[in-house]
Each structure stands twice: as structure tokens, then as C-alpha cells.
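Asker: Pasting upload19.pdb below, which is PDB, C-alpha atoms, pLDDT in the B column.
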MODEL        1
ATOM      1  CA  MET A  19      -0.675  13.965 -73.711  1.00 57.00           C
ATOM      2  CA  VAL A  20       0.095  15.496 -70.320  1.00 54.00           C
ATOM      3  CA  SER A  21      -0.725  13.915 -66.978  1.00 53.00           C
ATOM      4  CA  ARG A  22      -0.403  15.666 -63.647  1.00 54.00           C
ATOM      5  CA  ALA A  23      -0.726  12.552 -61.488  1.00 48.00           C
ATOM      6  CA  ASP A  24       2.576  13.294 -59.754  1.00 42.00           C
ATOM      7  CA  LYS A  25       1.479  16.590 -58.173  1.00 44.00           C
ATOM      8  CA  SER A  26       1.083  16.857 -54.412  1.00 43.00           C
ATOM      9  CA  SER A  27      -2.404  16.242 -53.033  1.00 43.00           C
ATOM     10  CA  GLY A  28      -2.231  19.245 -50.688  1.00 43.00           C
ATOM     11  CA  PHE A  29      -2.703  17.144 -47.530  1.00 42.00           C
ATOM     12  CA  THR A  30      -0.283  17.335 -44.613  1.00 44.00           C
ATOM     13  CA  LYS A  31       1.170  13.877 -44.137  1.00 46.00           C
ATOM     14  CA  SER A  32       2.918  12.342 -41.181  1.00 46.00           C
ATOM     15  CA  PRO A  33       6.649  11.842 -41.885  1.00 48.00           C
ATOM     16  CA  SER A  34       6.451   8.117 -41.159  1.00 49.00           C
ATOM     17  CA  SER A  35       3.198   7.229 -42.934  1.00 49.00           C
ATOM     18  CA  ASP A  36       0.469   8.358 -45.323  1.00 47.00           C
ATOM     19  CA  LYS A  37      -1.878   9.263 -42.445  1.00 52.00           C
ATOM     20  CA  ILE A  38      -3.138  12.831 -42.194  1.00 53.00           C
ATOM     21  CA  LYS A  39      -2.071  14.728 -39.062  1.00 59.00           C
ATOM     22  CA  GLY A  40      -4.586  16.231 -36.691  1.00 59.00           C
ATOM     23  CA  LEU A  41      -7.315  13.594 -36.904  1.00 55.00           C
ATOM     24  CA  SER A  42      -8.688  11.608 -33.992  1.00 60.00           C
ATOM     25  CA  SER A  43      -6.699   8.506 -33.065  1.00 69.00           C
ATOM     26  CA  ASP A  44      -9.904   6.514 -33.701  1.00 80.00           C
ATOM     27  CA  PHE A  45      -9.829   7.492 -37.359  1.00 83.00           C
ATOM     28  CA  GLU A  46      -6.890   6.943 -39.660  1.00 85.00           C
ATOM     29  CA  PHE A  47      -7.299   8.287 -43.171  1.00 85.00           C
ATOM     30  CA  ILE A  48      -4.836   7.094 -45.776  1.00 83.00           C
ATOM     31  CA  VAL A  49      -4.574   9.496 -48.690  1.00 83.00           C
ATOM     32  CA  PRO A  50      -5.414   7.733 -51.951  1.00 77.00           C
ATOM     33  CA  PRO A  51      -3.263   8.332 -55.013  1.00 78.00           C
ATOM     34  CA  GLU A  52      -4.232  11.444 -56.943  1.00 87.00           C
ATOM     35  CA  ALA A  53      -6.236  10.939 -60.116  1.00 91.00           C
ATOM     36  CA  PRO A  54      -4.335  11.701 -63.320  1.00 94.00           C
ATOM     37  CA  VAL A  55      -5.230  14.914 -65.161  1.00 96.00           C
ATOM     38  CA  PHE A  56      -4.874  14.864 -68.941  1.00 97.00           C
ATOM     39  CA  GLU A  57      -4.507  18.006 -71.045  1.00 97.00           C
ATOM     40  CA  PRO A  58      -4.851  16.994 -74.712  1.00 96.00           C
ATOM     41  CA  THR A  59      -3.868  19.242 -77.587  1.00 94.00           C
ATOM     42  CA  SER A  60      -6.518  20.461 -80.034  1.00 90.00           C
ATOM     43  CA  GLU A  61      -5.292  17.868 -82.540  1.00 92.00           C
ATOM     44  CA  GLU A  62      -5.520  15.024 -80.014  1.00 93.00           C
ATOM     45  CA  PHE A  63      -9.025  16.139 -79.025  1.00 90.00           C
ATOM     46  CA  GLN A  64     -10.419  16.211 -82.580  1.00 87.00           C
ATOM     47  CA  ASP A  65     -11.750  12.721 -81.802  1.00 89.00           C
ATOM     48  CA  PRO A  66     -12.695  12.865 -78.082  1.00 89.00           C
ATOM     49  CA  LEU A  67     -13.785   9.229 -77.852  1.00 92.00           C
ATOM     50  CA  GLY A  68     -10.587   8.138 -79.613  1.00 94.00           C
ATOM     51  CA  TYR A  69      -8.586  10.188 -77.100  1.00 95.00           C
ATOM     52  CA  ILE A  70     -10.405   8.495 -74.216  1.00 95.00           C
ATOM     53  CA  ARG A  71      -9.582   5.077 -75.722  1.00 96.00           C
ATOM     54  CA  LYS A  72      -5.940   6.182 -75.960  1.00 96.00           C
ATOM     55  CA  ILE A  73      -5.639   7.217 -72.288  1.00 96.00           C
ATOM     56  CA  ARG A  74      -7.820   4.421 -70.910  1.00 96.00           C
ATOM     57  CA  PRO A  75      -4.944   2.120 -69.802  1.00 94.00           C
ATOM     58  CA  VAL A  76      -3.448   4.926 -67.691  1.00 91.00           C
ATOM     59  CA  ALA A  77      -6.785   6.159 -66.303  1.00 92.00           C
ATOM     60  CA  GLU A  78      -7.973   2.668 -65.349  1.00 91.00           C
ATOM     61  CA  LYS A  79      -5.070   2.276 -62.921  1.00 88.00           C
ATOM     62  CA  SER A  80      -6.529   4.964 -60.641  1.00 86.00           C
ATOM     63  CA  GLY A  81     -10.183   4.270 -61.423  1.00 87.00           C
ATOM     64  CA  ILE A  82     -10.874   7.893 -62.345  1.00 91.00           C
ATOM     65  CA  CYS A  83      -9.259  10.732 -64.256  1.00 95.00           C
ATOM     66  CA  LYS A  84      -9.882  14.304 -65.334  1.00 95.00           C
ATOM     67  CA  ILE A  85      -9.617  15.486 -68.925  1.00 95.00           C
ATOM     68  CA  LYS A  86      -9.047  19.209 -69.290  1.00 95.00           C
ATOM     69  CA  PRO A  87     -10.135  20.029 -72.848  1.00 91.00           C
ATOM     70  CA  PRO A  88      -8.056  22.398 -74.949  1.00 91.00           C
ATOM     71  CA  PRO A  89      -9.263  25.989 -75.263  1.00 89.00           C
ATOM     72  CA  GLY A  90     -11.677  26.658 -78.081  1.00 82.00           C
ATOM     73  CA  PRO A  91     -15.195  25.715 -79.079  1.00 73.00           C
ATOM     74  CA  LEU A  92     -16.740  22.781 -77.299  1.00 66.00           C
ATOM     75  CA  PHE A  93     -18.036  19.768 -79.156  1.00 63.00           C
ATOM     76  CA  SER A  94     -21.187  17.757 -78.665  1.00 67.00           C
ATOM     77  CA  LEU A  95     -22.064  14.167 -79.360  1.00 68.00           C
ATOM     78  CA  ASP A  96     -25.509  13.340 -80.716  1.00 71.00           C
ATOM     79  CA  PHE A  97     -26.347   9.989 -79.143  1.00 76.00           C
ATOM     80  CA  VAL A  98     -30.055  10.263 -80.002  1.00 79.00           C
ATOM     81  CA  ASN A  99     -29.525  10.136 -83.754  1.00 75.00           C
ATOM     82  CA  VAL A 100     -26.552   7.770 -83.932  1.00 69.00           C
ATOM     83  CA  GLY A 101     -27.174   5.368 -86.791  1.00 70.00           C
ATOM     84  CA  ASN A 102     -30.175   7.353 -88.048  1.00 68.00           C
ATOM     85  CA  GLU A 103     -28.217   9.582 -90.440  1.00 61.00           C
ATOM     86  CA  HIS A 104     -29.701   9.806 -93.915  1.00 58.00           C
TER      87      HIS A 104
ENDMDL
END
Translate the structure described by the file into C-alpha cells.

Answerer:
Amino acid sequence: MVSRADKSSGFTKSPSSDKIKGLSSDFEFIVPPEAPVFEPTSEEFQDPLGYIRKIRPVAEKSGICKIKPPPGPLFSLDFVNVGNEH
């Protein structure tokens, strides 16, 4: 499991605060923490919902996250027929 939450946000910050330079003095924008980005291996992503349960405690701290799936064929979940298998 890899998270890139520590990367720079790309905004220019004032040396003494988290405010972005160049904005009107009437508006002060504080840069929120960057959302974590997870890059699971193919093995970890065999069970996508299980993987989401695994990373949930980390992702909940920021309120959002991005999951970059491993290369390869995509999967699909059939929510229409769940429980109707014969």
C-alpha cells in the first residue's frame, strides 16, 4: 500500500503561514491537507472492496482519497444481481 499524502500541493505559500500569496487581502485561503493517493498492487486489488475496507482508517482522516488501480484489466461489480445468483 502506497500513499502519496506527503507530496507538495503545488501552491505557493507564504513563509509565515498557509495562506496563498497574491490573493486579495479580503480573501484568505488556507490550503487544506492533500488527499492521500493509494496505489495497490494487483494482489491487494483482487478484492477491491476489501482493499477499501483496509485503507478506510487512513482515508477517513482526510475525508477523501484517490485509489490508482494497478495496470491490467478492469473489474466490474454487479450490484443488480447481488444475492440473485443461482

Asker: Need the neighbours of (-10.9, 14.0, -81.5): which residues are at most 12 Å away, counting only C-alpha atoms, as a short mmCIF file (atom, residue, chain, number, x, y, z; two decimals) with C-alpha atoms, in the coordinates of the input?

Answerer:
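Writing done, so here's out_13.cif:
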data_model
loop_
_atom_site.label_atom_id
_atom_site.label_comp_id
_atom_site.auth_asym_id
_atom_site.auth_seq_id
_atom_site.Cartn_x
_atom_site.Cartn_y
_atom_site.Cartn_z
CA PRO A 58 -4.85 16.99 -74.71
CA THR A 59 -3.87 19.24 -77.59
CA SER A 60 -6.52 20.46 -80.03
CA GLU A 61 -5.29 17.87 -82.54
CA GLU A 62 -5.52 15.02 -80.01
CA PHE A 63 -9.02 16.14 -79.03
CA GLN A 64 -10.42 16.21 -82.58
CA ASP A 65 -11.75 12.72 -81.80
CA PRO A 66 -12.70 12.86 -78.08
CA LEU A 67 -13.78 9.23 -77.85
CA GLY A 68 -10.59 8.14 -79.61
CA TYR A 69 -8.59 10.19 -77.10
CA ILE A 70 -10.40 8.49 -74.22
CA ARG A 71 -9.58 5.08 -75.72
CA LYS A 72 -5.94 6.18 -75.96
CA PRO A 87 -10.14 20.03 -72.85
CA PRO A 88 -8.06 22.40 -74.95
CA LEU A 92 -16.74 22.78 -77.30
CA PHE A 93 -18.04 19.77 -79.16
CA SER A 94 -21.19 17.76 -78.67
CA LEU A 95 -22.06 14.17 -79.36
#

Asker: Could you state the separation of atom CA of Ile82 of chain A and atom CA of Ile48 of chain A in Å, given to one decimal place?

Answerer: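 One can read the atom CA of Ile82 of chain A to atom CA of Ile48 of chain A distance as 17.7 Å.
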
Asker: Mind pulling up the distance from atom CA of Asp96 of chain A to atom CA of Glu78 of chain A?

Answerer: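 Straight-line distance from atom CA of Glu78 of chain A to atom CA of Asp96 of chain A works out to 25.6 Å.
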
Asker: Between atom CA of Cys83 of chain A and atom CA of Phe56 of chain A, measure the distance and give it in Å to one decimal.

Answerer: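 One can read the atom CA of Cys83 of chain A to atom CA of Phe56 of chain A distance as 7.6 Å.
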
Asker: Mind working out the centre and edge lengths of an axis-aligned box for segment 58-63 of chain A, all listed atoms inside, 6 Å added to each side, rounded to one decimal in Å and written as JSON?

Answerer:
{"center_x": -6.4, "center_y": 17.7, "center_z": -78.6, "size_x": 17.2, "size_y": 17.4, "size_z": 19.8}
